[in-house]
Amino acid sequence: MLKHARTPIISILVASSLSICGARPATADSKLPDPATAGFAEKLYRLDCGHSLANDESVWTPGENVGRSIEFSSTCWLIKRGSEWVLWDTGVPQATLNDPKGWSTLPRLIVYHLDKTITGQLAEIGLKTSDITYVALSHTHGDHIGNVGLFPNSTVLMQRAEYTWISSPDGTNDNVNQLKALARKLLGTPKQLQLVDGDTDVFGDGSVTLISTPGHTPGSQSLLVHLKNSGFIILSGDVVHLERNFEKNIVPSLNTDKAMSIASMDKVRRMIATYQAKLFINHDKAQSDALRLLPAFYD
Ligand SMILES: [Zn+2]
């Protein structure tokens, strides 16, 4: 089980590789929960965390749709488990709200827009940012960590491999260097940062599990959520951007590791079979638009 959010973390260097309590391994993926005995989260809300227009879809679908524009959704998720709340990703920076110029991580490629704030959406269901126990980050691209600074009292959960990567010296790829610099700026220095290594059971009961799915970035992760009525749901992070990429095993050209990306998609496929899970794909606008939006929720 993770340390309680209010426990101060003295140093990110000693932030633990977290122990797993209570979850019996059911599959070869040994730290994953047993589908028969996993606990439940009560509610899963989708937040609108922005949308974007990219001028060349083929960056995400190499060899296909070259030069064609594509619109993506940006999605955050909020999970209620007992009296605790987990926010999965934080979306496009709130300063972008209603700015006609939008905001960008890579200005020549993609521009993001924001119609609603996270704080406004939390307020719709009576929550303040200080009510959020954990802010879990799928990875450190700016459209996922744009609002981490709004949650100074929450415990930020991310893979150690991701933190190590953005802290590493620049390489030869300017796009990657630019994304890493932006990540360091947006992440800042969270007061409570917990770095995890691989699959990690957040509450120790199999209700909410961080799933290591590297490849898009070195420490990318997805999230497995167990609900009473809806069953298991996998929140993709950016393990895949579009349903058809998942079907055809297509890896975006901006991913840091193609083989890891394919292995992570395979892992998600195995998990969908093991858990009879649904996969909610963060950036797939057609899919996202059809899902319930806060104040509606999955339970
Ligand atoms: Zn990304």
# chains A, B, ... in the order shown; residues from 1 in each chain; ligands from 1
>>> residues_near_ligand(ligand="ligand 1", cutoff="8 Å", atoms="only C-alpha atoms and all ligand atoms", output="list in words")
His139, Thr140, His141, Gly142, Asp143, His144, His216, Thr217, Gly237 and Asp238 of chain A
>>> residues_around(residues="range 88-96 of chain A", least_positions_apart="2", cutoff="8 Å", atoms="only C-alpha atoms", output="PDB file with N, CA, C and O atoms, in the first residue's frame")
ATOM      1  N   CYS A  49     -10.173  17.776 -20.302  1.00  0.00           N
ATOM      2  CA  CYS A  49      -8.913  18.463 -19.988  1.00  0.00           C
ATOM      3  C   CYS A  49      -8.275  19.071 -21.226  1.00  0.00           C
ATOM      4  O   CYS A  49      -7.054  19.282 -21.269  1.00  0.00           O
ATOM      5  N   GLY A  50      -9.105  19.335 -22.243  1.00  0.00           N
ATOM      6  CA  GLY A  50      -8.611  20.024 -23.427  1.00  0.00           C
ATOM      7  C   GLY A  50      -8.836  19.219 -24.692  1.00  0.00           C
ATOM      8  O   GLY A  50      -9.322  18.090 -24.671  1.00  0.00           O
ATOM      9  N   SER A  74      -8.126  15.549 -24.881  1.00  0.00           N
ATOM     10  CA  SER A  74      -7.245  15.385 -23.714  1.00  0.00           C
ATOM     11  C   SER A  74      -8.154  15.112 -22.529  1.00  0.00           C
ATOM     12  O   SER A  74      -9.056  15.899 -22.239  1.00  0.00           O
ATOM     13  N   THR A  75      -7.910  14.006 -21.876  1.00  0.00           N
ATOM     14  CA  THR A  75      -8.837  13.524 -20.859  1.00  0.00           C
ATOM     15  C   THR A  75      -8.128  13.363 -19.527  1.00  0.00           C
ATOM     16  O   THR A  75      -7.016  12.862 -19.478  1.00  0.00           O
ATOM     17  N   CYS A  76      -8.780  13.814 -18.445  1.00  0.00           N
ATOM     18  CA  CYS A  76      -8.323  13.492 -17.100  1.00  0.00           C
ATOM     19  C   CYS A  76      -9.417  12.635 -16.461  1.00  0.00           C
ATOM     20  O   CYS A  76     -10.577  12.691 -16.877  1.00  0.00           O
ATOM     21  N   TRP A  77      -9.042  11.878 -15.452  1.00  0.00           N
ATOM     22  CA  TRP A  77     -10.003  11.023 -14.766  1.00  0.00           C
ATOM     23  C   TRP A  77      -9.884  11.230 -13.270  1.00  0.00           C
ATOM     24  O   TRP A  77      -8.780  11.446 -12.750  1.00  0.00           O
ATOM     25  N   LEU A  78     -11.009  11.149 -12.600  1.00  0.00           N
ATOM     26  CA  LEU A  78     -11.046  11.331 -11.152  1.00  0.00           C
ATOM     27  C   LEU A  78     -11.689  10.095 -10.543  1.00  0.00           C
ATOM     28  O   LEU A  78     -12.768   9.677 -10.977  1.00  0.00           O
ATOM     29  N   ILE A  79     -11.015   9.520  -9.560  1.00  0.00           N
ATOM     30  CA  ILE A  79     -11.476   8.271  -8.957  1.00  0.00           C
ATOM     31  C   ILE A  79     -11.743   8.497  -7.477  1.00  0.00           C
ATOM     32  O   ILE A  79     -10.892   9.030  -6.762  1.00  0.00           O
ATOM     33  N   VAL A  86      -8.311  10.154  -6.317  1.00  0.00           N
ATOM     34  CA  VAL A  86      -7.133  10.057  -7.191  1.00  0.00           C
ATOM     35  C   VAL A  86      -7.448  10.802  -8.479  1.00  0.00           C
ATOM     36  O   VAL A  86      -8.461  10.520  -9.130  1.00  0.00           O
ATOM     37  N   ASN A  98      -9.941  29.372 -22.996  1.00  0.00           N
ATOM     38  CA  ASN A  98     -10.551  30.320 -23.941  1.00  0.00           C
ATOM     39  C   ASN A  98      -9.541  31.208 -24.662  1.00  0.00           C
ATOM     40  O   ASN A  98      -9.915  32.248 -25.195  1.00  0.00           O
ATOM     41  N   ASP A  99      -8.272  30.824 -24.689  1.00  0.00           N
ATOM     42  CA  ASP A  99      -7.282  31.583 -25.458  1.00  0.00           C
ATOM     43  C   ASP A  99      -7.374  31.140 -26.916  1.00  0.00           C
ATOM     44  O   ASP A  99      -7.095  29.987 -27.230  1.00  0.00           O
ATOM     45  N   GLY A 102      -4.476  29.320 -28.332  1.00  0.00           N
ATOM     46  CA  GLY A 102      -4.179  28.001 -27.796  1.00  0.00           C
ATOM     47  C   GLY A 102      -2.807  27.925 -27.159  1.00  0.00           C
ATOM     48  O   GLY A 102      -2.157  28.947 -26.894  1.00  0.00           O
ATOM     49  N   TRP A 103      -2.354  26.700 -26.927  1.00  0.00           N
ATOM     50  CA  TRP A 103      -1.095  26.437 -26.220  1.00  0.00           C
ATOM     51  C   TRP A 103      -0.445  25.252 -26.902  1.00  0.00           C
ATOM     52  O   TRP A 103      -1.133  24.429 -27.506  1.00  0.00           O
ATOM     53  N   TYR A 112      -3.114  23.088 -28.587  1.00  0.00           N
ATOM     54  CA  TYR A 112      -4.148  22.656 -27.640  1.00  0.00           C
ATOM     55  C   TYR A 112      -5.068  23.812 -27.270  1.00  0.00           C
ATOM     56  O   TYR A 112      -4.625  24.957 -27.159  1.00  0.00           O
ATOM     57  N   HIS A 113      -6.314  23.455 -27.019  1.00  0.00           N
ATOM     58  CA  HIS A 113      -7.294  24.431 -26.545  1.00  0.00           C
ATOM     59  C   HIS A 113      -7.990  23.865 -25.313  1.00  0.00           C
ATOM     60  O   HIS A 113      -8.047  22.648 -25.124  1.00  0.00           O
ATOM     61  N   LEU A 114      -8.497  24.787 -24.511  1.00  0.00           N
ATOM     62  CA  LEU A 114      -9.140  24.365 -23.263  1.00  0.00           C
ATOM     63  C   LEU A 114     -10.458  25.111 -23.109  1.00  0.00           C
ATOM     64  O   LEU A 114     -10.492  26.338 -23.189  1.00  0.00           O
ATOM     65  N   THR A 117     -11.976  24.309 -16.981  1.00  0.00           N
ATOM     66  CA  THR A 117     -10.838  24.116 -16.067  1.00  0.00           C
ATOM     67  C   THR A 117     -11.072  22.878 -15.189  1.00  0.00           C
ATOM     68  O   THR A 117     -12.219  22.473 -14.965  1.00  0.00           O
ATOM     69  N   ILE A 118      -9.987  22.337 -14.699  1.00  0.00           N
ATOM     70  CA  ILE A 118     -10.105  21.248 -13.716  1.00  0.00           C
ATOM     71  C   ILE A 118     -10.753  21.774 -12.447  1.00  0.00           C
ATOM     72  O   ILE A 118     -11.644  21.126 -11.882  1.00  0.00           O
ATOM     73  N   VAL A 135      -2.261  12.697  -7.105  1.00  0.00           N
ATOM     74  CA  VAL A 135      -2.251  13.077  -8.524  1.00  0.00           C
ATOM     75  C   VAL A 135      -1.318  12.080  -9.210  1.00  0.00           C
ATOM     76  O   VAL A 135      -0.099  12.092  -8.982  1.00  0.00           O
ATOM     77  N   ALA A 136      -1.892  11.175  -9.981  1.00  0.00           N
ATOM     78  CA  ALA A 136      -1.099  10.149 -10.666  1.00  0.00           C
ATOM     79  C   ALA A 136      -0.888  10.582 -12.115  1.00  0.00           C
ATOM     80  O   ALA A 136      -1.844  10.970 -12.789  1.00  0.00           O
ATOM     81  N   LEU A 137       0.342  10.513 -12.559  1.00  0.00           N
ATOM     82  CA  LEU A 137       0.689  11.027 -13.895  1.00  0.00           C
ATOM     83  C   LEU A 137       1.032   9.880 -14.831  1.00  0.00           C
ATOM     84  O   LEU A 137       1.924   9.070 -14.533  1.00  0.00           O
ATOM     85  N   SER A 138       0.337   9.834 -15.960  1.00  0.00           N
ATOM     86  CA  SER A 138       0.627   8.765 -16.926  1.00  0.00           C
ATOM     87  C   SER A 138       2.042   8.918 -17.477  1.00  0.00           C
ATOM     88  O   SER A 138       2.758   7.951 -17.667  1.00  0.00           O
ATOM     89  N   GLY A 142       3.536  17.671 -21.699  1.00  0.00           N
ATOM     90  CA  GLY A 142       2.901  18.858 -21.123  1.00  0.00           C
ATOM     91  C   GLY A 142       1.391  18.818 -21.082  1.00  0.00           C
ATOM     92  O   GLY A 142       0.772  19.414 -20.194  1.00  0.00           O
ATOM     93  N   ASP A 143       0.769  18.110 -22.026  1.00  0.00           N
ATOM     94  CA  ASP A 143      -0.692  18.050 -22.054  1.00  0.00           C
ATOM     95  C   ASP A 143      -1.240  17.085 -20.996  1.00  0.00           C
ATOM     96  O   ASP A 143      -2.453  16.952 -20.859  1.00  0.00           O
ATOM     97  N   HIS A 144      -0.351  16.444 -20.241  1.00  0.00           N
ATOM     98  CA  HIS A 144      -0.783  15.551 -19.152  1.00  0.00           C
ATOM     99  C   HIS A 144      -0.421  16.111 -17.776  1.00  0.00           C
ATOM    100  O   HIS A 144      -0.990  15.702 -16.775  1.00  0.00           O
ATOM    101  N   ILE A 145       0.542  17.026 -17.746  1.00  0.00           N
ATOM    102  CA  ILE A 145       1.004  17.535 -16.437  1.00  0.00           C
ATOM    103  C   ILE A 145       0.859  19.049 -16.329  1.00  0.00           C
ATOM    104  O   ILE A 145       1.491  19.676 -15.480  1.00  0.00           O
ATOM    105  N   GLY A 146       0.000  19.623 -17.176  1.00  0.00           N
ATOM    106  CA  GLY A 146      -0.101  21.078 -17.248  1.00  0.00           C
ATOM    107  C   GLY A 146      -0.570  21.755 -15.978  1.00  0.00           C
ATOM    108  O   GLY A 146      -0.362  22.952 -15.803  1.00  0.00           O
ATOM    109  N   ASN A 147      -1.223  20.999 -15.087  1.00  0.00           N
ATOM    110  CA  ASN A 147      -1.794  21.619 -13.889  1.00  0.00           C
ATOM    111  C   ASN A 147      -1.359  20.956 -12.586  1.00  0.00           C
ATOM    112  O   ASN A 147      -2.036  21.083 -11.563  1.00  0.00           O
ATOM    113  N   VAL A 148      -0.228  20.285 -12.603  1.00  0.00           N
ATOM    114  CA  VAL A 148       0.263  19.664 -11.363  1.00  0.00           C
ATOM    115  C   VAL A 148       0.418  20.712 -10.263  1.00  0.00           C
ATOM    116  O   VAL A 148       0.142  20.457  -9.090  1.00  0.00           O
TER     117      VAL A 148
END
>>> select_by_dssp(residues="range 187-267 of chain A", states="helix (DSSP H, G or I)", output="VMD selection string")
chain A and resid 187 243 to 248 258 to 267
>>> write_last_selection(atoms="all heavy atoms", output="compact mmCIF listing (two decimals), in the first residue's frame")
# COMPACT_ATOMS: atom_id res chain seq x y z
N LEU A 187 6.28 20.25 -14.04
CA LEU A 187 6.25 19.40 -12.84
C LEU A 187 6.71 20.18 -11.62
O LEU A 187 6.17 20.01 -10.52
CB LEU A 187 7.13 18.17 -13.06
CG LEU A 187 7.11 17.12 -11.95
CD1 LEU A 187 5.71 16.50 -11.82
CD2 LEU A 187 8.14 16.03 -12.22
N GLU A 243 -7.91 4.14 -31.33
CA GLU A 243 -8.36 2.75 -31.32
C GLU A 243 -7.75 1.96 -32.47
O GLU A 243 -7.31 0.83 -32.31
CB GLU A 243 -9.90 2.73 -31.43
CG GLU A 243 -10.54 1.92 -30.34
CD GLU A 243 -12.02 2.25 -30.15
OE1 GLU A 243 -12.62 2.96 -31.00
OE2 GLU A 243 -12.57 1.80 -29.14
N ARG A 244 -7.68 2.58 -33.66
CA ARG A 244 -7.18 1.81 -34.80
C ARG A 244 -5.67 1.56 -34.71
O ARG A 244 -5.18 0.58 -35.26
CB ARG A 244 -7.56 2.49 -36.12
CG ARG A 244 -6.99 3.85 -36.35
CD ARG A 244 -7.49 4.39 -37.71
NE ARG A 244 -6.89 5.67 -38.03
CZ ARG A 244 -7.31 6.83 -37.56
NH1 ARG A 244 -8.35 6.89 -36.75
NH2 ARG A 244 -6.71 7.96 -37.90
N ASN A 245 -4.93 2.42 -34.01
CA ASN A 245 -3.51 2.12 -33.76
C ASN A 245 -3.36 0.87 -32.90
O ASN A 245 -2.46 0.06 -33.11
CB ASN A 245 -2.82 3.28 -33.04
CG ASN A 245 -2.43 4.41 -33.97
OD1 ASN A 245 -2.90 4.45 -35.09
ND2 ASN A 245 -1.58 5.29 -33.49
N PHE A 246 -4.26 0.75 -31.94
CA PHE A 246 -4.21 -0.40 -31.04
C PHE A 246 -4.53 -1.68 -31.81
O PHE A 246 -3.86 -2.70 -31.64
CB PHE A 246 -5.22 -0.18 -29.91
CG PHE A 246 -5.08 -1.13 -28.76
CD1 PHE A 246 -3.88 -1.28 -28.10
CD2 PHE A 246 -6.17 -1.88 -28.33
CE1 PHE A 246 -3.75 -2.16 -27.03
CE2 PHE A 246 -6.06 -2.75 -27.26
CZ PHE A 246 -4.85 -2.89 -26.62
N GLU A 247 -5.52 -1.59 -32.70
CA GLU A 247 -5.90 -2.76 -33.50
C GLU A 247 -4.76 -3.20 -34.40
O GLU A 247 -4.53 -4.37 -34.61
CB GLU A 247 -7.14 -2.44 -34.36
CG GLU A 247 -8.43 -2.44 -33.55
CD GLU A 247 -9.53 -1.59 -34.22
OE1 GLU A 247 -9.38 -1.24 -35.42
OE2 GLU A 247 -10.51 -1.29 -33.52
N LYS A 248 -4.01 -2.21 -34.95
CA LYS A 248 -2.98 -2.54 -35.94
C LYS A 248 -1.56 -2.49 -35.38
O LYS A 248 -0.60 -2.60 -36.13
CB LYS A 248 -3.07 -1.54 -37.10
CG LYS A 248 -4.37 -1.61 -37.90
CD LYS A 248 -4.17 -0.66 -39.07
CE LYS A 248 -5.38 -0.36 -39.86
NZ LYS A 248 -5.13 0.79 -40.77
N LYS A 258 10.19 1.93 -29.80
CA LYS A 258 9.16 1.22 -30.56
C LYS A 258 8.90 -0.19 -30.00
O LYS A 258 7.75 -0.59 -29.83
CB LYS A 258 9.60 1.13 -32.02
CG LYS A 258 8.52 0.58 -32.92
CD LYS A 258 8.90 0.69 -34.39
CE LYS A 258 7.79 0.06 -35.24
NZ LYS A 258 8.09 0.13 -36.67
N ALA A 259 9.97 -0.92 -29.70
CA ALA A 259 9.78 -2.30 -29.20
C ALA A 259 9.05 -2.29 -27.86
O ALA A 259 8.14 -3.10 -27.63
CB ALA A 259 11.13 -2.99 -29.07
N MET A 260 9.43 -1.36 -26.99
CA MET A 260 8.74 -1.25 -25.70
C MET A 260 7.27 -0.87 -25.90
O MET A 260 6.39 -1.34 -25.19
CB MET A 260 9.39 -0.17 -24.83
CG MET A 260 10.54 -0.64 -23.99
SD MET A 260 11.03 0.76 -22.93
CE MET A 260 12.14 -0.09 -21.84
N SER A 261 7.03 0.00 -26.88
CA SER A 261 5.64 0.42 -27.15
C SER A 261 4.79 -0.77 -27.56
O SER A 261 3.65 -0.93 -27.10
CB SER A 261 5.60 1.46 -28.28
OG SER A 261 6.35 2.61 -27.93
N ILE A 262 5.34 -1.63 -28.41
CA ILE A 262 4.60 -2.81 -28.86
C ILE A 262 4.40 -3.78 -27.70
O ILE A 262 3.31 -4.33 -27.51
CB ILE A 262 5.33 -3.47 -30.06
CG1 ILE A 262 5.16 -2.56 -31.29
CG2 ILE A 262 4.81 -4.88 -30.33
CD1 ILE A 262 5.98 -2.95 -32.49
N ALA A 263 5.44 -3.95 -26.88
CA ALA A 263 5.32 -4.85 -25.71
C ALA A 263 4.26 -4.32 -24.74
O ALA A 263 3.49 -5.09 -24.16
CB ALA A 263 6.67 -4.97 -25.00
N SER A 264 4.20 -2.99 -24.57
CA SER A 264 3.20 -2.42 -23.66
C SER A 264 1.79 -2.59 -24.20
O SER A 264 0.85 -2.87 -23.44
CB SER A 264 3.51 -0.95 -23.40
OG SER A 264 4.69 -0.83 -22.62
N MET A 265 1.62 -2.43 -25.53
CA MET A 265 0.30 -2.68 -26.11
C MET A 265 -0.11 -4.14 -25.91
O MET A 265 -1.26 -4.44 -25.60
CB MET A 265 0.27 -2.29 -27.60
CG MET A 265 0.16 -0.80 -27.83
SD MET A 265 -0.20 -0.37 -29.56
CE MET A 265 1.44 -0.36 -30.27
N ASP A 266 0.86 -5.05 -26.07
CA ASP A 266 0.58 -6.48 -25.83
C ASP A 266 0.15 -6.72 -24.39
O ASP A 266 -0.76 -7.49 -24.12
CB ASP A 266 1.83 -7.33 -26.13
CG ASP A 266 2.03 -7.54 -27.63
OD1 ASP A 266 1.06 -7.32 -28.38
OD2 ASP A 266 3.15 -7.91 -28.02
N LYS A 267 0.84 -6.06 -23.47
CA LYS A 267 0.50 -6.20 -22.05
C LYS A 267 -0.94 -5.75 -21.80
O LYS A 267 -1.70 -6.41 -21.09
CB LYS A 267 1.47 -5.38 -21.20
CG LYS A 267 1.20 -5.43 -19.71
CD LYS A 267 2.28 -4.67 -18.95
CE LYS A 267 2.06 -4.69 -17.46
NZ LYS A 267 3.18 -4.02 -16.74
>>> select_by_dssp(residues="range 79-198 of chain A", states="strand (DSSP E)", output="list in words")
Ile79, Lys80, Arg81, Glu84, Trp85, Val86, Leu87, Trp88, Ile110, Val111, Tyr112, His113, Tyr134, Val135, Ala136, Thr155, Val156, Leu157, Met158, Gln159, Leu193, Gln194, Leu195 and Val196 of chain A
>>> closest_atom_pairs(of="range 208-288 of chain A", to="range 36-43 of chain A", cutoff="10 Å", atoms="only C-alpha atoms", output="Markdown table")
| residue | atom | partner | partner_atom | distance |
| --- | --- | --- | --- | --- |
| A:Val208 | CA | A:Ala41 | CA | 7.1 |
| A:Val225 | CA | A:Ala41 | CA | 7.0 |
| A:His226 | CA | A:Phe40 | CA | 5.1 |
| A:Leu227 | CA | A:Phe40 | CA | 5.1 |
| A:Lys228 | CA | A:Phe40 | CA | 6.2 |
| A:Asn229 | CA | A:Glu42 | CA | 9.4 |
| A:Ser230 | CA | A:Lys43 | CA | 9.8 |
| A:Gly231 | CA | A:Phe40 | CA | 8.9 |
| A:Phe232 | CA | A:Phe40 | CA | 9.3 |
| A:Tyr275 | CA | A:Ala36 | CA | 9.1 |
>>> write_last_selection(atoms="C-alpha atoms", output="mmCIF file, in the first residue's frame")
data_model
loop_
_atom_site.group_PDB
_atom_site.id
_atom_site.type_symbol
_atom_site.label_atom_id
_atom_site.label_comp_id
_atom_site.auth_asym_id
_atom_site.auth_seq_id
_atom_site.Cartn_x
_atom_site.Cartn_y
_atom_site.Cartn_z
ATOM 1 C CA VAL A 208 -6.633 1.133 -8.354
ATOM 2 C CA VAL A 225 -9.557 0.731 -12.003
ATOM 3 C CA HIS A 226 -12.059 -1.766 -10.571
ATOM 4 C CA LEU A 227 -15.689 -0.691 -10.199
ATOM 5 C CA LYS A 228 -18.661 -2.687 -8.878
ATOM 6 C CA ASN A 229 -21.033 -2.194 -11.799
ATOM 7 C CA SER A 230 -18.664 -1.359 -14.643
ATOM 8 C CA GLY A 231 -16.016 -3.953 -13.846
ATOM 9 C CA PHE A 232 -12.393 -3.295 -14.744
ATOM 10 C CA TYR A 275 -9.854 -8.640 -16.480
#
>>> atom_distance(atom1="CA of Arg68 in chain A", atom2="CA of Ala54 in chain A")
8.5 Å
>>> closest_residue(among="A:Ile166, A:Ala161, A:Leu44, A:Leu195", to="Pro214 in chain A", atoms="only C-alpha atoms")
A:Ala161
>>> residues_around(residues="Phe280 in chain A", least_positions_apart="4", cutoff="7 Å", atoms="only C-alpha atoms", output="ChimeraX atom specification")
/A:234-236
>>> atom_distance(atom1="CA of Ala277 in chain A", atom2="CA of Ile233 in chain A")
5.1 Å
>>> atom_distance(atom1="CA of Thr155 in chain A", atom2="CA of Leu193 in chain A")
5.7 Å
>>> closest_residue(among="A:Gln178, A:Asn55, A:Val251, A:Ser168", to="Gly67 in chain A", atoms="only C-alpha atoms")
A:Asn55
>>> closest_residue(among="A:Thr119, A:Thr172, A:Pro218, A:Pro190", to="Asn153 in chain A", atoms="only C-alpha atoms")
A:Pro190
>>> closest_residue(among="A:Ala286, A:Tyr163, A:Pro295, A:Ile250", to="Gly63 in chain A", atoms="only C-alpha atoms")
A:Ile250
>>> closest_residue(among="A:Gln159, A:Leu186, A:Asn249, A:Leu150", to="Thr213 in chain A", atoms="only C-alpha atoms")
A:Gln159
>>> residues_around(residues="Pro152 in chain A", least_positions_apart="4", cutoff="10 Å", atoms="only C-alpha atoms", output="VMD selection string")
chain A and resid 129 to 130 132 135 148 156 189 to 192
